[in-house]
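Dumped upload-v1.cif below, it's mmCIF, C-alpha atoms:
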```cif
data_data
#
loop_
_atom_site.group_PDB
_atom_site.id
_atom_site.type_symbol
_atom_site.label_atom_id
_atom_site.label_comp_id
_atom_site.auth_asym_id
_atom_site.auth_seq_id
_atom_site.Cartn_x
_atom_site.Cartn_y
_atom_site.Cartn_z
ATOM 1 C CA MET A 122 5.801 13.614 -28.594
ATOM 2 C CA ASN A 123 5.637 11.531 -31.764
ATOM 3 C CA ALA A 124 8.209 13.699 -33.507
ATOM 4 C CA GLU A 125 11.897 12.753 -33.604
ATOM 5 C CA PRO A 126 13.539 14.334 -30.525
ATOM 6 C CA GLU A 127 15.894 17.229 -31.179
ATOM 7 C CA ARG A 128 17.574 16.549 -27.849
ATOM 8 C CA LYS A 129 17.561 13.934 -25.126
ATOM 9 C CA PHE A 130 17.303 14.528 -21.388
ATOM 10 C CA GLY A 131 19.844 12.555 -19.364
ATOM 11 C CA VAL A 132 18.252 10.554 -16.530
ATOM 12 C CA VAL A 133 19.617 9.247 -13.224
ATOM 13 C CA VAL A 134 17.253 6.971 -11.264
ATOM 14 C CA VAL A 135 17.613 7.324 -7.486
ATOM 15 C CA GLY A 136 16.352 4.185 -5.722
ATOM 16 C CA VAL A 137 16.129 0.764 -7.337
ATOM 17 C CA GLY A 138 13.198 -0.746 -5.489
ATOM 18 C CA ARG A 139 9.964 -1.756 -7.206
ATOM 19 C CA ALA A 140 9.203 1.658 -8.707
ATOM 20 C CA GLY A 141 12.837 2.396 -9.606
ATOM 21 C CA SER A 142 13.255 -0.975 -11.325
ATOM 22 C CA VAL A 143 10.136 -0.381 -13.412
ATOM 23 C CA ARG A 144 11.402 3.103 -14.308
ATOM 24 C CA ILE A 145 14.707 1.646 -15.511
ATOM 25 C CA ARG A 146 12.901 -1.019 -17.550
ATOM 26 C CA ASP A 147 10.682 1.585 -19.244
ATOM 27 C CA LEU A 148 13.653 3.844 -19.978
ATOM 28 C CA ARG A 149 15.491 0.985 -21.669
ATOM 29 C CA ASN A 150 12.544 -0.050 -23.827
ATOM 30 C CA PRO A 151 11.622 1.686 -27.115
ATOM 31 C CA HIS A 152 8.604 3.746 -25.985
ATOM 32 C CA ALA A 153 7.626 7.109 -27.497
ATOM 33 C CA SER A 154 8.532 9.112 -24.393
ATOM 34 C CA SER A 155 11.698 7.055 -23.770
ATOM 35 C CA ALA A 156 13.077 8.412 -27.043
ATOM 36 C CA PHE A 157 13.445 11.781 -25.288
ATOM 37 C CA LEU A 158 15.242 10.295 -22.283
ATOM 38 C CA ASN A 159 18.724 8.805 -21.945
ATOM 39 C CA LEU A 160 19.373 6.601 -18.895
ATOM 40 C CA ILE A 161 22.793 7.571 -17.568
ATOM 41 C CA GLY A 162 22.788 5.496 -14.397
ATOM 42 C CA PHE A 163 21.118 4.792 -11.068
ATOM 43 C CA VAL A 164 21.799 5.278 -7.361
ATOM 44 C CA SER A 165 20.560 3.017 -4.564
ATOM 45 C CA SER A 166 18.480 4.812 -1.921
ATOM 46 C CA GLY A 167 15.747 3.802 0.486
ATOM 47 C CA VAL A 168 15.512 6.638 2.990
ATOM 48 C CA LEU A 169 12.996 9.440 2.466
ATOM 49 C CA SER A 170 15.213 12.065 4.092
ATOM 50 C CA LEU A 171 17.983 11.185 1.642
ATOM 51 C CA ASP A 172 15.503 11.408 -1.248
ATOM 52 C CA PHE A 173 14.614 14.949 -0.117
ATOM 53 C CA CYS A 174 18.324 15.862 -0.080
ATOM 54 C CA PHE A 175 18.773 14.416 -3.569
ATOM 55 C CA GLN A 176 15.813 16.420 -4.870
ATOM 56 C CA ARG A 177 17.213 19.659 -3.468
ATOM 57 C CA GLN A 178 20.694 18.910 -4.812
ATOM 58 C CA PHE A 179 19.394 18.114 -8.287
ATOM 59 C CA LEU A 180 17.241 21.247 -8.411
ATOM 60 C CA GLN A 181 20.132 23.395 -7.127
ATOM 61 C CA ALA A 182 22.223 21.946 -9.959
ATOM 62 C CA GLY A 183 19.569 22.999 -12.474
ATOM 63 C CA LYS A 184 18.081 19.546 -13.123
ATOM 64 C CA HIS A 185 14.455 18.524 -13.642
ATOM 65 C CA VAL A 186 13.066 16.182 -10.976
ATOM 66 C CA LEU A 187 10.524 13.350 -11.080
ATOM 67 C CA VAL A 188 9.841 12.015 -7.580
ATOM 68 C CA GLU A 189 7.639 9.226 -6.245
ATOM 69 C CA TYR A 190 4.982 10.276 -3.731
ATOM 70 C CA PRO A 191 5.208 11.628 -1.123
ATOM 71 C CA MET A 192 7.766 14.156 -2.343
ATOM 72 C CA THR A 193 8.450 15.178 1.289
ATOM 73 C CA LEU A 194 7.157 14.484 4.789
ATOM 74 C CA SER A 195 6.186 18.105 5.462
ATOM 75 C CA LEU A 196 4.268 20.827 3.655
ATOM 76 C CA THR A 197 6.993 23.412 4.253
ATOM 77 C CA ALA A 198 9.676 21.214 2.692
ATOM 78 C CA ALA A 199 7.478 20.605 -0.372
ATOM 79 C CA GLN A 200 6.824 24.335 -0.769
ATOM 80 C CA GLU A 201 10.569 24.987 -0.555
ATOM 81 C CA LEU A 202 11.288 22.423 -3.275
ATOM 82 C CA TRP A 203 8.614 23.843 -5.562
ATOM 83 C CA SER A 204 9.865 27.388 -5.023
ATOM 84 C CA LEU A 205 13.379 26.238 -5.872
ATOM 85 C CA ALA A 206 12.141 24.482 -9.024
ATOM 86 C CA GLU A 207 10.290 27.620 -10.149
ATOM 87 C CA GLN A 208 13.302 29.776 -9.354
ATOM 88 C CA LYS A 209 15.515 27.503 -11.479
ATOM 89 C CA GLY A 210 12.876 27.151 -14.221
ATOM 90 C CA LYS A 211 12.804 23.364 -13.842
ATOM 91 C CA VAL A 212 10.064 20.730 -13.803
ATOM 92 C CA MET A 213 9.130 19.360 -10.365
ATOM 93 C CA HIS A 214 6.920 16.332 -11.014
ATOM 94 C CA GLU A 215 5.455 14.181 -8.246
ATOM 95 C CA GLU A 216 4.342 10.775 -9.504
ATOM 96 C CA HIS A 217 0.782 9.694 -8.716
ATOM 97 C CA VAL A 218 0.261 6.430 -10.588
ATOM 98 C CA GLU A 219 -2.846 5.740 -8.499
ATOM 99 C CA LEU A 220 -4.617 8.369 -10.624
ATOM 100 C CA LEU A 221 -3.710 6.370 -13.748
ATOM 101 C CA MET A 222 -5.306 3.150 -12.503
ATOM 102 C CA GLU A 223 -8.393 1.611 -14.124
ATOM 103 C CA GLU A 224 -10.172 1.589 -10.738
ATOM 104 C CA PHE A 225 -9.767 5.348 -10.377
ATOM 105 C CA ALA A 226 -10.961 5.974 -13.942
ATOM 106 C CA PHE A 227 -14.076 3.923 -13.114
ATOM 107 C CA LEU A 228 -14.709 5.855 -9.892
ATOM 108 C CA LYS A 229 -14.192 9.211 -11.597
ATOM 109 C CA LYS A 230 -16.941 8.382 -14.105
ATOM 110 C CA GLU A 231 -19.234 7.012 -11.392
ATOM 111 C CA VAL A 232 -19.197 10.134 -9.189
ATOM 112 C CA VAL A 233 -19.641 12.728 -11.943
ATOM 113 C CA GLY A 234 -22.814 14.743 -11.415
ATOM 114 C CA LYS A 235 -23.768 12.911 -8.208
ATOM 115 C CA GLU A 236 -24.384 14.594 -4.873
ATOM 116 C CA LEU A 237 -22.402 12.917 -2.102
ATOM 117 C CA LEU A 238 -24.017 12.266 1.274
ATOM 118 C CA LYS A 239 -21.196 10.355 2.989
ATOM 119 C CA GLY A 240 -18.419 7.915 2.144
ATOM 120 C CA SER A 241 -15.537 5.823 3.374
ATOM 121 C CA LEU A 242 -12.271 4.383 2.058
ATOM 122 C CA HIS A 243 -10.604 1.617 4.078
ATOM 123 C CA PHE A 244 -7.180 0.337 3.007
ATOM 124 C CA THR A 245 -5.576 -2.791 4.446
ATOM 125 C CA ALA A 246 -2.106 -4.251 3.942
ATOM 126 C CA GLY A 247 0.754 -6.001 5.687
ATOM 127 C CA PRO A 248 3.102 -4.178 8.103
ATOM 128 C CA LEU A 249 5.007 -1.164 6.800
ATOM 129 C CA ALA A 250 8.077 0.325 8.485
ATOM 130 C CA GLU A 251 7.292 3.922 9.404
ATOM 131 C CA GLU A 252 11.002 4.701 9.705
ATOM 132 C CA GLN A 253 11.388 3.957 5.998
ATOM 133 C CA PHE A 254 8.053 5.075 4.539
ATOM 134 C CA GLY A 255 6.894 7.819 6.899
ATOM 135 C CA PHE A 256 3.780 8.356 9.012
ATOM 136 C CA PRO A 257 0.688 6.500 7.641
ATOM 137 C CA ALA A 258 -0.947 9.703 6.392
ATOM 138 C CA PHE A 259 2.104 10.220 4.154
ATOM 139 C CA SER A 260 2.797 6.613 3.125
ATOM 140 C CA GLY A 261 -0.928 6.273 2.340
ATOM 141 C CA ILE A 262 -1.283 9.644 0.646
ATOM 142 C CA SER A 263 -2.388 8.000 -2.621
ATOM 143 C CA ARG A 264 -5.715 7.114 -0.961
ATOM 144 C CA LEU A 265 -6.121 10.663 0.302
ATOM 145 C CA THR A 266 -5.362 11.876 -3.219
ATOM 146 C CA TRP A 267 -8.175 9.678 -4.563
ATOM 147 C CA LEU A 268 -10.659 11.307 -2.170
ATOM 148 C CA VAL A 269 -9.495 14.838 -3.002
ATOM 149 C CA CYS A 270 -9.601 14.200 -6.764
ATOM 150 C CA LEU A 271 -13.084 12.660 -6.499
ATOM 151 C CA PHE A 272 -14.713 15.126 -4.096
ATOM 152 C CA GLY A 273 -12.620 18.297 -4.043
ATOM 153 C CA GLU A 274 -10.602 19.914 -1.272
ATOM 154 C CA LEU A 275 -11.234 18.508 2.205
ATOM 155 C CA SER A 276 -10.955 19.756 5.769
ATOM 156 C CA LEU A 277 -9.878 17.649 8.724
ATOM 157 C CA VAL A 278 -12.462 16.832 11.411
ATOM 158 C CA SER A 279 -10.619 14.269 13.534
ATOM 159 C CA ALA A 280 -7.832 11.691 13.411
ATOM 160 C CA THR A 281 -6.792 8.867 15.719
ATOM 161 C CA LEU A 282 -4.031 6.264 15.635
ATOM 162 C CA GLU A 283 -4.160 2.844 17.275
ATOM 163 C CA GLU A 284 -0.780 1.125 17.503
ATOM 164 C CA ARG A 285 0.452 -2.207 18.825
ATOM 165 C CA LYS A 286 4.106 -2.142 17.899
ATOM 166 C CA GLU A 287 4.791 -5.539 19.448
ATOM 167 C CA ASP A 288 2.247 -6.992 16.985
ATOM 168 C CA GLN A 289 3.365 -4.771 14.049
ATOM 169 C CA TYR A 290 -0.219 -3.503 13.901
ATOM 170 C CA MET A 291 -1.570 0.005 13.303
ATOM 171 C CA LYS A 292 -4.906 1.562 12.423
ATOM 172 C CA MET A 293 -5.287 5.220 11.503
ATOM 173 C CA THR A 294 -8.855 6.531 11.372
ATOM 174 C CA VAL A 295 -9.445 9.940 9.803
ATOM 175 C CA HIS A 296 -12.688 11.878 9.421
ATOM 176 C CA LEU A 297 -12.788 14.523 6.732
ATOM 177 C CA LYS A 298 -15.371 16.982 5.463
ATOM 178 C CA THR A 299 -16.048 18.183 1.917
ATOM 179 C CA GLU A 300 -16.736 21.814 1.094
ATOM 180 C CA ASN A 301 -20.446 20.843 1.109
ATOM 181 C CA LYS A 302 -20.102 19.509 4.686
ATOM 182 C CA CYS A 303 -20.368 15.824 3.700
ATOM 183 C CA LEU A 304 -18.374 13.412 5.870
ATOM 184 C CA LEU A 305 -15.722 11.078 4.518
ATOM 185 C CA SER A 306 -13.867 8.437 6.521
ATOM 186 C CA TRP A 307 -10.369 7.298 5.585
ATOM 187 C CA ILE A 308 -8.852 4.291 7.341
ATOM 188 C CA GLU A 309 -5.344 2.873 6.928
ATOM 189 C CA GLU A 310 -4.967 -0.504 8.646
ATOM 190 C CA LYS A 311 -1.765 -2.543 8.484
ATOM 191 C CA GLY A 312 -0.635 -5.693 10.216
ATOM 192 C CA PRO A 313 0.405 -9.334 9.769
ATOM 193 C CA GLY A 314 -2.173 -11.375 7.900
ATOM 194 C CA LEU A 315 -3.948 -8.370 6.397
ATOM 195 C CA LYS A 316 -4.210 -8.606 2.614
ATOM 196 C CA ARG A 317 -3.625 -5.576 0.422
ATOM 197 C CA ASN A 318 -7.111 -4.327 -0.418
ATOM 198 C CA ARG A 319 -9.310 -1.260 -0.721
ATOM 199 C CA TYR A 320 -12.844 -1.238 0.654
ATOM 200 C CA LEU A 321 -14.919 1.762 -0.322
ATOM 201 C CA SER A 322 -18.472 2.882 0.193
ATOM 202 C CA PHE A 323 -19.918 6.090 -1.253
ATOM 203 C CA HIS A 324 -23.537 7.106 -0.666
ATOM 204 C CA PHE A 325 -25.151 9.619 -2.991
ATOM 205 C CA LYS A 326 -28.643 11.082 -3.148
ATOM 206 C CA SER A 327 -29.198 8.952 -6.245
ATOM 207 C CA GLY A 328 -27.846 5.681 -4.833
ATOM 208 C CA SER A 329 -24.766 3.954 -3.437
ATOM 209 C CA LEU A 330 -21.463 2.601 -4.696
ATOM 210 C CA GLU A 331 -19.995 -0.285 -2.721
ATOM 211 C CA ASN A 332 -16.461 -1.187 -3.804
ATOM 212 C CA VAL A 333 -15.108 -1.302 -7.349
ATOM 213 C CA PRO A 334 -15.867 -4.155 -9.755
ATOM 214 C CA ASN A 335 -13.079 -5.885 -11.668
ATOM 215 C CA VAL A 336 -12.327 -3.245 -14.293
ATOM 216 C CA GLY A 337 -9.214 -4.769 -15.812
ATOM 217 C CA VAL A 338 -5.484 -4.879 -15.281
ATOM 218 C CA ASN A 339 -3.516 -1.689 -14.650
ATOM 219 C CA LYS A 340 -1.102 -1.681 -17.587
ATOM 220 C CA ASN A 341 2.052 0.436 -17.849
ATOM 221 C CA ILE A 342 1.016 3.003 -15.233
ATOM 222 C CA PHE A 343 4.620 4.070 -14.589
ATOM 223 C CA LEU A 344 5.144 4.477 -18.320
ATOM 224 C CA LYS A 345 2.004 6.634 -18.506
ATOM 225 C CA ASP A 346 3.468 8.763 -15.722
ATOM 226 C CA GLN A 347 6.754 8.984 -17.643
ATOM 227 C CA ASN A 348 4.779 10.235 -20.656
ATOM 228 C CA ILE A 349 3.281 13.025 -18.527
ATOM 229 C CA PHE A 350 6.740 13.971 -17.250
ATOM 230 C CA VAL A 351 8.117 14.200 -20.794
ATOM 231 C CA GLN A 352 5.128 16.321 -21.849
ATOM 232 C CA LYS A 353 6.053 18.735 -19.056
ATOM 233 C CA LEU A 354 9.688 18.767 -20.177
ATOM 234 C CA LEU A 355 8.539 19.641 -23.694
ATOM 235 C CA GLY A 356 6.206 22.403 -22.477
ATOM 236 C CA GLN A 357 3.092 20.548 -23.610
ATOM 237 C CA VAL A 358 1.183 20.899 -20.298
ATOM 238 C CA SER A 359 -0.684 24.175 -19.729
ATOM 239 C CA GLU A 360 0.125 26.545 -16.868
ATOM 240 C CA GLN A 361 -3.440 26.061 -15.577
ATOM 241 C CA GLU A 362 -2.985 22.279 -15.381
ATOM 242 C CA LEU A 363 0.389 22.637 -13.666
ATOM 243 C CA ALA A 364 -1.029 25.102 -11.121
ATOM 244 C CA ALA A 365 -4.022 22.870 -10.361
ATOM 245 C CA GLU A 366 -1.760 19.846 -9.880
ATOM 246 C CA LYS A 367 0.580 21.771 -7.563
ATOM 247 C CA LYS A 368 -2.372 23.047 -5.510
ATOM 248 C CA ARG A 369 -3.788 19.525 -5.127
ATOM 249 C CA ILE A 370 -0.454 17.982 -4.129
ATOM 250 C CA LEU A 371 0.279 20.683 -1.538
ATOM 251 C CA HIS A 372 -3.299 20.420 -0.204
ATOM 252 C CA CYS A 373 -2.877 16.658 0.336
ATOM 253 C CA LEU A 374 0.530 17.087 1.974
ATOM 254 C CA GLY A 375 -0.942 19.767 4.243
ATOM 255 C CA LEU A 376 -3.770 17.436 5.281
ATOM 256 C CA ALA A 377 -1.312 14.596 5.920
ATOM 257 C CA GLU A 378 0.738 16.883 8.156
ATOM 258 C CA GLU A 379 -2.378 17.976 10.087
ATOM 259 C CA ILE A 380 -3.366 14.332 10.567
ATOM 260 C CA GLN A 381 0.082 13.452 11.910
ATOM 261 C CA LYS A 382 -0.039 16.355 14.386
ATOM 262 C CA LEU A 383 -3.426 15.214 15.698
ATOM 263 C CA CYS A 384 -2.315 11.601 16.040
ATOM 264 C CA ARG A 385 1.101 12.455 17.475
ATOM 265 C CA PRO A 386 0.840 15.896 19.132
ATOM 266 C CA GLU A 387 4.432 15.754 20.398
ATOM 267 C CA LYS A 388 5.697 15.636 16.817
#
```
In structure tokens, how does this file's structure come out?
Amino acid sequence: MNAEPERKFGVVVVGVGRAGSVRIRDLRNPHASSAFLNLIGFVSSGVLSLDFCFQRQFLQAGKHVLVEYPMTLSLTAAQELWSLAEQKGKVMHEEHVELLMEEFAFLKKEVVGKELLKGSLHFTAGPLAEEQFGFPAFSGISRLTWLVCLFGELSLVSATLEERKEDQYMKMTVHLKTENKCLLSWIEEKGPGLKRNRYLSFHFKSGSLENVPNVGVNKNIFLKDQNIFVQKLLGQVSEQELAAEKKRILHCLGLAEEIQKLCRPEK
């Protein structure tokens, strides 16, 4: 990616919220991967169903797609998009900047070679509109992705949802199981006055890990994701890596869908 680009890929950014604005900034600045990309324009969007339509339209038109997580709000829709991308021979890249954070890098090193007994991940934040961001298992899928990347594929044991809509409060409690039958709890709690924070506790045979120390500022994580996308465009990511990433993303979306069905059987 250090070589002078023989061609540039035209880019249209759909959605100009926090992530979209950062994408535009990175595309306009002289970074190594930005040299391969040419910002053509941007489109305002804030509805997930519209984003899904845009993805399908772009793929049908033979365009590569980079999408923020979650790429869809159902496993079937995601599988359809990936099949379409493969049929068209195009890159379908779902952003997961949470895997590029310093905290995750620290955790990844900490769990290597350790035998898990049990663990929990509790995320808190202010209210979030489900109509705009989807069911909590989807809007919070970055936390689920952390657990899957740290401990392997998971199976669902139980899931409950406590809601007080008049107070803008919700609490989703999920119990998961690793392939070695170890229990993991995942809690998403949102409401007025709750600060954005992650509380984690992992117990191993060799000791415990309670929360993550201050490991530094997360710098340029969207740019790092852009670099990965460009590497895929240039064919610099192996088929094995692409297959493993696709399997992990679809596994997480499948779990999120199962969780939603348990919490809201009518849906």
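CA of Pro191 in chain A lies 17.4 Å from CA of Leu205 in chain A.
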Please expand the PyMOL selection byres ((chain A and resi 304) around 9) into the concrete residues it hits in this file, giving the result as a PyMOL selection string.
chain A and resi 237-241+278+296-299+302-303+305-306
So that I can check the surroundings of range 219-233 of chain A, please list as a ChimeraX atom specification every protein, DNA and RNA residue that reaches within 7 Å of it, counting only C-alpha atoms and ignoring chain neighbours fewer than 5 positions away.
/A:263,271,333,336-337,339,342
Please evaluate the PyMOL selection byres ((chain A and resi 378) around 12) against the structure above and give the resulting residues as an MDAnalysis selection string.
chainID A and resid 191 193:199 255:260 262 277 280 371:377 379:386 388
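The nearest approach to Gly261 in chain A among the residues A:Phe163, A:Phe179, A:Phe323, A:Tyr190, with all atoms listed in the file taken into account, belongs to A:Tyr190.
For the pair CA of Val186 in chain A and CA of Gln253 in chain A, the interatomic distance is 21.0 Å.
Taking CA of Met192 in chain A and CA of Phe173 in chain A as endpoints, the distance between them is 7.2 Å.
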How would range 208-228 of chain A look with N, CA and C atoms restored, written as a PDB file, in the frame of the given file?
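So the final result, stored in result.pdb, reads:
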```pdb
ATOM      1  N   GLN A 208      12.184  28.832  -9.285  1.00  0.00           N
ATOM      2  CA  GLN A 208      13.302  29.776  -9.354  1.00  0.00           C
ATOM      3  C   GLN A 208      14.321  29.351 -10.411  1.00  0.00           C
ATOM      4  N   LYS A 209      14.552  28.040 -10.510  1.00  0.00           N
ATOM      5  CA  LYS A 209      15.515  27.503 -11.479  1.00  0.00           C
ATOM      6  C   LYS A 209      14.893  27.266 -12.854  1.00  0.00           C
ATOM      7  N   GLY A 210      13.550  27.392 -12.948  1.00  0.00           N
ATOM      8  CA  GLY A 210      12.876  27.151 -14.221  1.00  0.00           C
ATOM      9  C   GLY A 210      12.878  25.685 -14.614  1.00  0.00           C
ATOM     10  N   LYS A 211      12.740  24.799 -13.599  1.00  0.00           N
ATOM     11  CA  LYS A 211      12.804  23.364 -13.842  1.00  0.00           C
ATOM     12  C   LYS A 211      11.483  22.681 -13.481  1.00  0.00           C
ATOM     13  N   VAL A 212      11.269  21.513 -14.061  1.00  0.00           N
ATOM     14  CA  VAL A 212      10.064  20.730 -13.803  1.00  0.00           C
ATOM     15  C   VAL A 212      10.217  19.982 -12.485  1.00  0.00           C
ATOM     16  N   MET A 213       9.206  20.129 -11.611  1.00  0.00           N
ATOM     17  CA  MET A 213       9.130  19.360 -10.365  1.00  0.00           C
ATOM     18  C   MET A 213       7.876  18.502 -10.491  1.00  0.00           C
ATOM     19  N   HIS A 214       8.053  17.220 -10.744  1.00  0.00           N
ATOM     20  CA  HIS A 214       6.920  16.332 -11.014  1.00  0.00           C
ATOM     21  C   HIS A 214       6.820  15.256  -9.942  1.00  0.00           C
ATOM     22  N   GLU A 215       5.700  15.239  -9.223  1.00  0.00           N
ATOM     23  CA  GLU A 215       5.455  14.181  -8.246  1.00  0.00           C
ATOM     24  C   GLU A 215       4.562  13.125  -8.880  1.00  0.00           C
ATOM     25  N   GLU A 216       5.084  11.896  -8.908  1.00  0.00           N
ATOM     26  CA  GLU A 216       4.342  10.775  -9.504  1.00  0.00           C
ATOM     27  C   GLU A 216       3.107  10.422  -8.689  1.00  0.00           C
ATOM     28  N   HIS A 217       1.992  10.201  -9.366  1.00  0.00           N
ATOM     29  CA  HIS A 217       0.782   9.694  -8.716  1.00  0.00           C
ATOM     30  C   HIS A 217       0.138   8.664  -9.639  1.00  0.00           C
ATOM     31  N   VAL A 218       0.763   7.476  -9.684  1.00  0.00           N
ATOM     32  CA  VAL A 218       0.261   6.430 -10.588  1.00  0.00           C
ATOM     33  C   VAL A 218      -1.119   5.934 -10.183  1.00  0.00           C
ATOM     34  N   GLU A 219      -1.506   6.183  -8.907  1.00  0.00           N
ATOM     35  CA  GLU A 219      -2.846   5.740  -8.499  1.00  0.00           C
ATOM     36  C   GLU A 219      -3.946   6.451  -9.281  1.00  0.00           C
ATOM     37  N   LEU A 220      -3.642   7.632  -9.819  1.00  0.00           N
ATOM     38  CA  LEU A 220      -4.617   8.369 -10.624  1.00  0.00           C
ATOM     39  C   LEU A 220      -4.662   7.856 -12.059  1.00  0.00           C
ATOM     40  N   LEU A 221      -3.758   6.946 -12.403  1.00  0.00           N
ATOM     41  CA  LEU A 221      -3.710   6.370 -13.748  1.00  0.00           C
ATOM     42  C   LEU A 221      -4.252   4.948 -13.762  1.00  0.00           C
ATOM     43  N   MET A 222      -4.768   4.503 -12.612  1.00  0.00           N
ATOM     44  CA  MET A 222      -5.306   3.150 -12.503  1.00  0.00           C
ATOM     45  C   MET A 222      -6.713   3.054 -13.088  1.00  0.00           C
ATOM     46  N   GLU A 223      -7.063   1.843 -13.561  1.00  0.00           N
ATOM     47  CA  GLU A 223      -8.393   1.611 -14.124  1.00  0.00           C
ATOM     48  C   GLU A 223      -9.483   1.812 -13.072  1.00  0.00           C
ATOM     49  N   GLU A 224      -9.192   1.432 -11.810  1.00  0.00           N
ATOM     50  CA  GLU A 224     -10.172   1.589 -10.738  1.00  0.00           C
ATOM     51  C   GLU A 224     -10.526   3.058 -10.527  1.00  0.00           C
ATOM     52  N   PHE A 225      -9.497   3.926 -10.575  1.00  0.00           N
ATOM     53  CA  PHE A 225      -9.767   5.348 -10.377  1.00  0.00           C
ATOM     54  C   PHE A 225     -10.556   5.923 -11.550  1.00  0.00           C
ATOM     55  N   ALA A 226     -10.216   5.506 -12.763  1.00  0.00           N
ATOM     56  CA  ALA A 226     -10.961   5.974 -13.942  1.00  0.00           C
ATOM     57  C   ALA A 226     -12.438   5.595 -13.820  1.00  0.00           C
ATOM     58  N   PHE A 227     -12.696   4.376 -13.325  1.00  0.00           N
ATOM     59  CA  PHE A 227     -14.076   3.923 -13.114  1.00  0.00           C
ATOM     60  C   PHE A 227     -14.775   4.806 -12.081  1.00  0.00           C
ATOM     61  N   LEU A 228     -14.112   5.048 -10.948  1.00  0.00           N
ATOM     62  CA  LEU A 228     -14.709   5.855  -9.892  1.00  0.00           C
ATOM     63  C   LEU A 228     -14.979   7.283 -10.362  1.00  0.00           C
TER      64      LEU A 228
END
```
